[in-house]
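As stored in model-v9.cif (mmCIF, C-alpha atoms; chains and numbers go by the auth columns):
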data_structure
loop_
_atom_site.group_PDB
_atom_site.id
_atom_site.type_symbol
_atom_site.label_atom_id
_atom_site.label_comp_id
_atom_site.label_asym_id
_atom_site.label_seq_id
_atom_site.Cartn_x
_atom_site.Cartn_y
_atom_site.Cartn_z
_atom_site.B_iso_or_equiv
_atom_site.auth_seq_id
_atom_site.auth_asym_id
ATOM 1 C CA MET A 1 7.052 0.384 32.516 0.00 1 A
ATOM 2 C CA ASP A 2 8.430 -3.149 32.422 0.00 2 A
ATOM 3 C CA ILE A 3 8.036 -4.819 29.034 0.00 3 A
ATOM 4 C CA MET A 4 8.142 -8.309 30.522 0.00 4 A
ATOM 5 C CA GLN A 5 5.218 -7.573 32.860 0.00 5 A
ATOM 6 C CA MET A 6 2.855 -6.192 30.180 0.00 6 A
ATOM 7 C CA ASP A 7 -0.223 -8.092 29.196 0.00 7 A
ATOM 8 C CA ARG A 8 -0.607 -9.355 25.646 0.00 8 A
ATOM 9 C CA ARG A 9 -2.977 -6.581 24.536 0.00 9 A
ATOM 10 C CA THR A 10 -0.685 -3.772 25.667 0.00 10 A
ATOM 11 C CA SER A 11 2.411 -5.321 24.109 0.00 11 A
ATOM 12 C CA THR A 12 0.514 -5.871 20.839 0.00 12 A
ATOM 13 C CA LEU A 13 -0.624 -2.242 20.760 0.00 13 A
ATOM 14 C CA LEU A 14 2.876 -1.046 21.598 0.00 14 A
ATOM 15 C CA GLY A 15 4.439 -3.172 18.834 0.00 15 A
ATOM 16 C CA ALA A 16 1.809 -2.165 16.293 0.00 16 A
ATOM 17 C CA GLY A 17 2.207 1.503 17.188 0.00 17 A
ATOM 18 C CA PHE A 18 5.977 1.245 16.823 0.00 18 A
ATOM 19 C CA CYS A 19 5.654 -0.430 13.420 0.00 19 A
ATOM 20 C CA THR A 20 3.111 2.168 12.271 0.00 20 A
ATOM 21 C CA MET A 21 5.427 5.007 13.287 0.00 21 A
ATOM 22 C CA LEU A 22 8.330 3.266 11.554 0.00 22 A
ATOM 23 C CA THR A 23 6.227 2.974 8.401 0.00 23 A
ATOM 24 C CA MET A 24 5.392 6.671 8.578 0.00 24 A
ATOM 25 C CA HIS A 25 9.074 7.569 9.023 0.00 25 A
ATOM 26 C CA PHE A 26 10.234 5.519 6.040 0.00 26 A
ATOM 27 C CA THR A 27 7.358 6.785 3.900 0.00 27 A
ATOM 28 C CA VAL A 28 8.215 10.426 4.604 0.00 28 A
ATOM 29 C CA GLN A 29 11.872 9.703 3.902 0.00 29 A
ATOM 30 C CA LEU A 30 11.127 7.914 0.613 0.00 30 A
ATOM 31 C CA LEU A 31 8.600 10.556 -0.415 0.00 31 A
ATOM 32 C CA SER A 32 10.999 13.440 0.201 0.00 32 A
ATOM 33 C CA GLN A 33 13.782 11.726 -1.743 0.00 33 A
ATOM 34 C CA HIS A 34 11.407 10.915 -4.574 0.00 34 A
ATOM 35 C CA LEU A 35 10.062 14.471 -4.789 0.00 35 A
ATOM 36 C CA PHE A 36 13.581 15.898 -4.793 0.00 36 A
ATOM 37 C CA TYR A 37 15.180 13.607 -7.394 0.00 37 A
ATOM 38 C CA TRP A 38 12.402 12.470 -9.753 0.00 38 A
ATOM 39 C CA LYS A 39 11.787 14.825 -12.676 0.00 39 A
ATOM 40 C CA ASN A 40 9.056 13.184 -14.809 0.00 40 A
ATOM 41 C CA ALA A 41 5.821 14.735 -13.501 0.00 41 A
ATOM 42 C CA LYS A 42 3.413 12.091 -14.823 0.00 42 A
ATOM 43 C CA GLU A 43 5.374 9.190 -13.361 0.00 43 A
ATOM 44 C CA LYS A 44 6.019 11.149 -10.166 0.00 44 A
ATOM 45 C CA LYS A 45 2.297 11.372 -9.446 0.00 45 A
ATOM 46 C CA ALA A 46 1.785 7.642 -9.995 0.00 46 A
ATOM 47 C CA ILE A 47 4.735 6.692 -7.805 0.00 47 A
ATOM 48 C CA ILE A 48 3.582 9.002 -5.004 0.00 48 A
ATOM 49 C CA ILE A 49 0.178 7.313 -5.034 0.00 49 A
ATOM 50 C CA ILE A 50 1.839 3.908 -4.723 0.00 50 A
ATOM 51 C CA ILE A 51 4.218 5.110 -1.963 0.00 51 A
ATOM 52 C CA LEU A 52 1.302 6.376 0.143 0.00 52 A
ATOM 53 C CA MET A 53 -0.294 2.915 0.157 0.00 53 A
ATOM 54 C CA ALA A 54 1.909 1.593 2.989 0.00 54 A
ATOM 55 C CA PRO A 55 1.030 4.211 5.638 0.00 55 A
ATOM 56 C CA ILE A 56 -2.669 3.980 4.786 0.00 56 A
ATOM 57 C CA TYR A 57 -2.560 0.219 5.377 0.00 57 A
ATOM 58 C CA ALA A 58 -0.514 0.671 8.571 0.00 58 A
ATOM 59 C CA ILE A 59 -2.894 3.260 10.036 0.00 59 A
ATOM 60 C CA ASP A 60 -5.895 1.134 9.101 0.00 60 A
ATOM 61 C CA ALA A 61 -4.388 -1.946 10.760 0.00 61 A
ATOM 62 C CA PHE A 62 -3.482 -0.011 13.900 0.00 62 A
ATOM 63 C CA ALA A 63 -6.969 1.514 14.108 0.00 63 A
ATOM 64 C CA GLY A 64 -8.384 -2.000 13.896 0.00 64 A
ATOM 65 C CA LEU A 65 -6.413 -2.996 16.989 0.00 65 A
ATOM 66 C CA VAL A 66 -7.406 0.002 19.085 0.00 66 A
ATOM 67 C CA ASP A 67 -10.603 -0.699 20.977 0.00 67 A
ATOM 68 C CA ILE A 68 -11.993 2.491 22.452 0.00 68 A
ATOM 69 C CA GLU A 69 -15.585 3.604 22.629 0.00 69 A
ATOM 70 C CA GLY A 70 -16.864 4.608 19.201 0.00 70 A
ATOM 71 C CA SER A 71 -13.780 3.340 17.386 0.00 71 A
ATOM 72 C CA LYS A 72 -15.756 0.859 15.278 0.00 72 A
ATOM 73 C CA ILE A 73 -17.271 3.690 13.224 0.00 73 A
ATOM 74 C CA TYR A 74 -13.829 5.199 12.590 0.00 74 A
ATOM 75 C CA PHE A 75 -12.411 1.796 11.699 0.00 75 A
ATOM 76 C CA ILE A 76 -15.187 1.207 9.144 0.00 76 A
ATOM 77 C CA PHE A 77 -14.518 4.668 7.702 0.00 77 A
ATOM 78 C CA LEU A 78 -10.749 4.030 7.485 0.00 78 A
ATOM 79 C CA ASP A 79 -11.321 0.576 6.035 0.00 79 A
ATOM 80 C CA SER A 80 -13.539 1.987 3.283 0.00 80 A
ATOM 81 C CA ILE A 81 -10.869 4.596 2.483 0.00 81 A
ATOM 82 C CA LYS A 82 -8.277 1.803 2.331 0.00 82 A
ATOM 83 C CA GLU A 83 -10.431 -0.255 -0.031 0.00 83 A
ATOM 84 C CA CYS A 84 -11.029 2.715 -2.360 0.00 84 A
ATOM 85 C CA TYR A 85 -7.324 3.531 -2.327 0.00 85 A
ATOM 86 C CA GLU A 86 -6.519 -0.104 -3.100 0.00 86 A
ATOM 87 C CA GLY A 87 -8.786 0.108 -6.145 0.00 87 A
ATOM 88 C CA LEU A 88 -7.056 3.314 -7.263 0.00 88 A
ATOM 89 C CA VAL A 89 -3.599 1.775 -6.928 0.00 89 A
ATOM 90 C CA GLY A 90 -4.749 -1.426 -8.640 0.00 90 A
ATOM 91 C CA SER A 91 -6.075 0.486 -11.628 0.00 91 A
ATOM 92 C CA LEU A 92 -2.909 2.581 -11.703 0.00 92 A
ATOM 93 C CA ILE A 93 -0.707 -0.503 -11.718 0.00 93 A
ATOM 94 C CA HIS A 94 -2.856 -2.090 -14.417 0.00 94 A
ATOM 95 C CA SER A 95 -2.631 1.006 -16.620 0.00 95 A
ATOM 96 C CA THR A 96 1.162 1.183 -16.223 0.00 96 A
ATOM 97 C CA SER A 97 1.561 -2.543 -16.935 0.00 97 A
ATOM 98 C CA CYS A 98 0.005 -1.975 -20.367 0.00 98 A
ATOM 99 C CA LYS A 99 2.682 0.593 -21.330 0.00 99 A
ATOM 100 C CA PRO A 100 4.905 -2.113 -22.882 0.00 100 A
ATOM 101 C CA CYS A 101 2.010 -2.792 -25.279 0.00 101 A
ATOM 102 C CA VAL A 102 2.411 0.695 -26.724 0.00 102 A
ATOM 103 C CA TYR A 103 6.140 0.276 -27.195 0.00 103 A
ATOM 104 C CA THR A 104 5.968 -3.217 -28.714 0.00 104 A
ATOM 105 C CA HIS A 105 2.783 -2.608 -30.741 0.00 105 A
ATOM 106 C CA THR A 106 1.004 -5.600 -29.257 0.00 106 A
ATOM 107 C CA ASP A 107 -2.308 -5.951 -27.516 0.00 107 A
ATOM 108 C CA ARG A 108 -0.889 -7.864 -24.534 0.00 108 A
ATOM 109 C CA PRO A 109 1.556 -6.712 -21.880 0.00 109 A
ATOM 110 C CA PHE A 110 3.371 -10.052 -21.813 0.00 110 A
ATOM 111 C CA PRO A 111 4.431 -12.323 -24.668 0.00 111 A
ATOM 112 C CA LYS A 112 2.129 -15.186 -25.550 0.00 112 A
ATOM 113 C CA GLN A 113 3.079 -18.399 -23.816 0.00 113 A
ATOM 114 C CA ASN A 114 3.228 -21.654 -25.697 0.00 114 A
ATOM 115 C CA SER A 115 0.384 -23.656 -24.275 0.00 115 A
ATOM 116 C CA PHE A 116 0.568 -27.390 -23.942 0.00 116 A
ATOM 117 C CA ASN A 117 -2.644 -29.187 -24.755 0.00 117 A
ATOM 118 C CA PRO A 118 -2.454 -32.939 -24.023 0.00 118 A
ATOM 119 C CA ARG A 119 -5.681 -33.663 -25.957 0.00 119 A
ATOM 120 C CA LYS A 120 -4.112 -32.967 -29.345 0.00 120 A
#
Now, as a test, write the supplied structure out as structure tokens.
Amino acid sequence: MDIMQMDRRTSTLLGAGFCTMLTMHFTVQLLSQHLFYWKNAKEKKAIIIIILMAPIYAIDAFAGLVDIEGSKIYFIFLDSIKECYEGLVGSLIHSTSCKPCVYTHTDRPFPKQNSFNPRK
């Protein structure tokens, strides 16, 4: 198989497949290190959910490139899983960004900015 003689579609699928497998490798490596070294169970669960976001996106993107018969149904299914997972991670990140509010006894995660109002 000569890489220089491949058509654009085949080289794109080959590159996307390689990147997806690379993402899976690094995710498994990061996940195993995290499970071995991290001791706080509540934070461990949240971090694992965030770590698993990358391979879900990679698999969804690769499935979008593959064009075989009946793949559109699977792509829609994977895309809906990705969107639900994105909502889960977004709510998780939002809930963890409000933790400084508990420690500083404020109702906002970030300090109030001085606003400049030119009309005054």
Hey, what comes out of the PyMOL selection byres ((chain A and resi 62-67) around 9) on this file? Could you write it as a PDB file with C-alpha atoms, in the frame of the given file?
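Written out: part-v1.pdb:
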ATOM      1  CA  THR A  12       0.514  -5.871  20.839  1.00  0.00           C
ATOM      2  CA  LEU A  13      -0.624  -2.242  20.760  1.00  0.00           C
ATOM      3  CA  ALA A  16       1.809  -2.165  16.293  1.00  0.00           C
ATOM      4  CA  GLY A  17       2.207   1.503  17.188  1.00  0.00           C
ATOM      5  CA  THR A  20       3.111   2.168  12.271  1.00  0.00           C
ATOM      6  CA  TYR A  57      -2.560   0.219   5.377  1.00  0.00           C
ATOM      7  CA  ALA A  58      -0.514   0.671   8.571  1.00  0.00           C
ATOM      8  CA  ILE A  59      -2.894   3.260  10.036  1.00  0.00           C
ATOM      9  CA  ASP A  60      -5.895   1.134   9.101  1.00  0.00           C
ATOM     10  CA  ALA A  61      -4.388  -1.946  10.760  1.00  0.00           C
ATOM     11  CA  ILE A  68     -11.993   2.491  22.452  1.00  0.00           C
ATOM     12  CA  GLU A  69     -15.585   3.604  22.629  1.00  0.00           C
ATOM     13  CA  GLY A  70     -16.864   4.608  19.201  1.00  0.00           C
ATOM     14  CA  SER A  71     -13.780   3.340  17.386  1.00  0.00           C
ATOM     15  CA  LYS A  72     -15.756   0.859  15.278  1.00  0.00           C
ATOM     16  CA  TYR A  74     -13.829   5.199  12.590  1.00  0.00           C
ATOM     17  CA  PHE A  75     -12.411   1.796  11.699  1.00  0.00           C
ATOM     18  CA  ILE A  76     -15.187   1.207   9.144  1.00  0.00           C
ATOM     19  CA  LEU A  78     -10.749   4.030   7.485  1.00  0.00           C
ATOM     20  CA  ASP A  79     -11.321   0.576   6.035  1.00  0.00           C
TER      21      ASP A  79
END
Practice problem: Have a look at atom CA of Met53 of chain A and atom CA of Ser80 of chain A and let me know their distance in Å, one decimal. | Solution: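 Atom-to-atom, atom CA of Met53 of chain A to atom CA of Ser80 of chain A, that is 13.6 Å.
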Quiz item: Which of these, A:Ile49, A:Ser91, A:Gln33, A:Pro55, has the shortest distance to Met21 of chain A once you count only C-alpha atoms?
Solution: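 Looking only at the distances to Met21 of chain A, the closest residue turns out to be A:Pro55.
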Quiz prompt | Residue members of the PyMOL selection byres ((chain A and resi 47) around 10) in the file shown, as JSON, numbers by chain | solution = {"A": [31, 34, 35, 38, 41, 42, 43, 44, 45, 46, 48, 49, 50, 51, 52, 89, 92, 93]}
I need the chosen residues saved as a PDB file, keeping the file's coordinate frame, with C-alpha atoms.
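Contents of out.pdb, as written:
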ATOM      1  CA  LEU A  31       8.600  10.556  -0.415  1.00  0.00           C
ATOM      2  CA  HIS A  34      11.407  10.915  -4.574  1.00  0.00           C
ATOM      3  CA  LEU A  35      10.062  14.471  -4.789  1.00  0.00           C
ATOM      4  CA  TRP A  38      12.402  12.470  -9.753  1.00  0.00           C
ATOM      5  CA  ALA A  41       5.821  14.735 -13.501  1.00  0.00           C
ATOM      6  CA  LYS A  42       3.413  12.091 -14.823  1.00  0.00           C
ATOM      7  CA  GLU A  43       5.374   9.190 -13.361  1.00  0.00           C
ATOM      8  CA  LYS A  44       6.019  11.149 -10.166  1.00  0.00           C
ATOM      9  CA  LYS A  45       2.297  11.372  -9.446  1.00  0.00           C
ATOM     10  CA  ALA A  46       1.785   7.642  -9.995  1.00  0.00           C
ATOM     11  CA  ILE A  48       3.582   9.002  -5.004  1.00  0.00           C
ATOM     12  CA  ILE A  49       0.178   7.313  -5.034  1.00  0.00           C
ATOM     13  CA  ILE A  50       1.839   3.908  -4.723  1.00  0.00           C
ATOM     14  CA  ILE A  51       4.218   5.110  -1.963  1.00  0.00           C
ATOM     15  CA  LEU A  52       1.302   6.376   0.143  1.00  0.00           C
ATOM     16  CA  VAL A  89      -3.599   1.775  -6.928  1.00  0.00           C
ATOM     17  CA  LEU A  92      -2.909   2.581 -11.703  1.00  0.00           C
ATOM     18  CA  ILE A  93      -0.707  -0.503 -11.718  1.00  0.00           C
TER      19      ILE A  93
END
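As for atom CA of His25 of chain A and atom CA of Ala54 of chain A, they are spaced 11.1 Å apart.
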Exercise. Calculate how many Å separate atom CA of Ile3 of chain A from atom CA of Cys19 of chain A, rounding to one decimal.
Key: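 Interatomic distance here is 16.4 Å.
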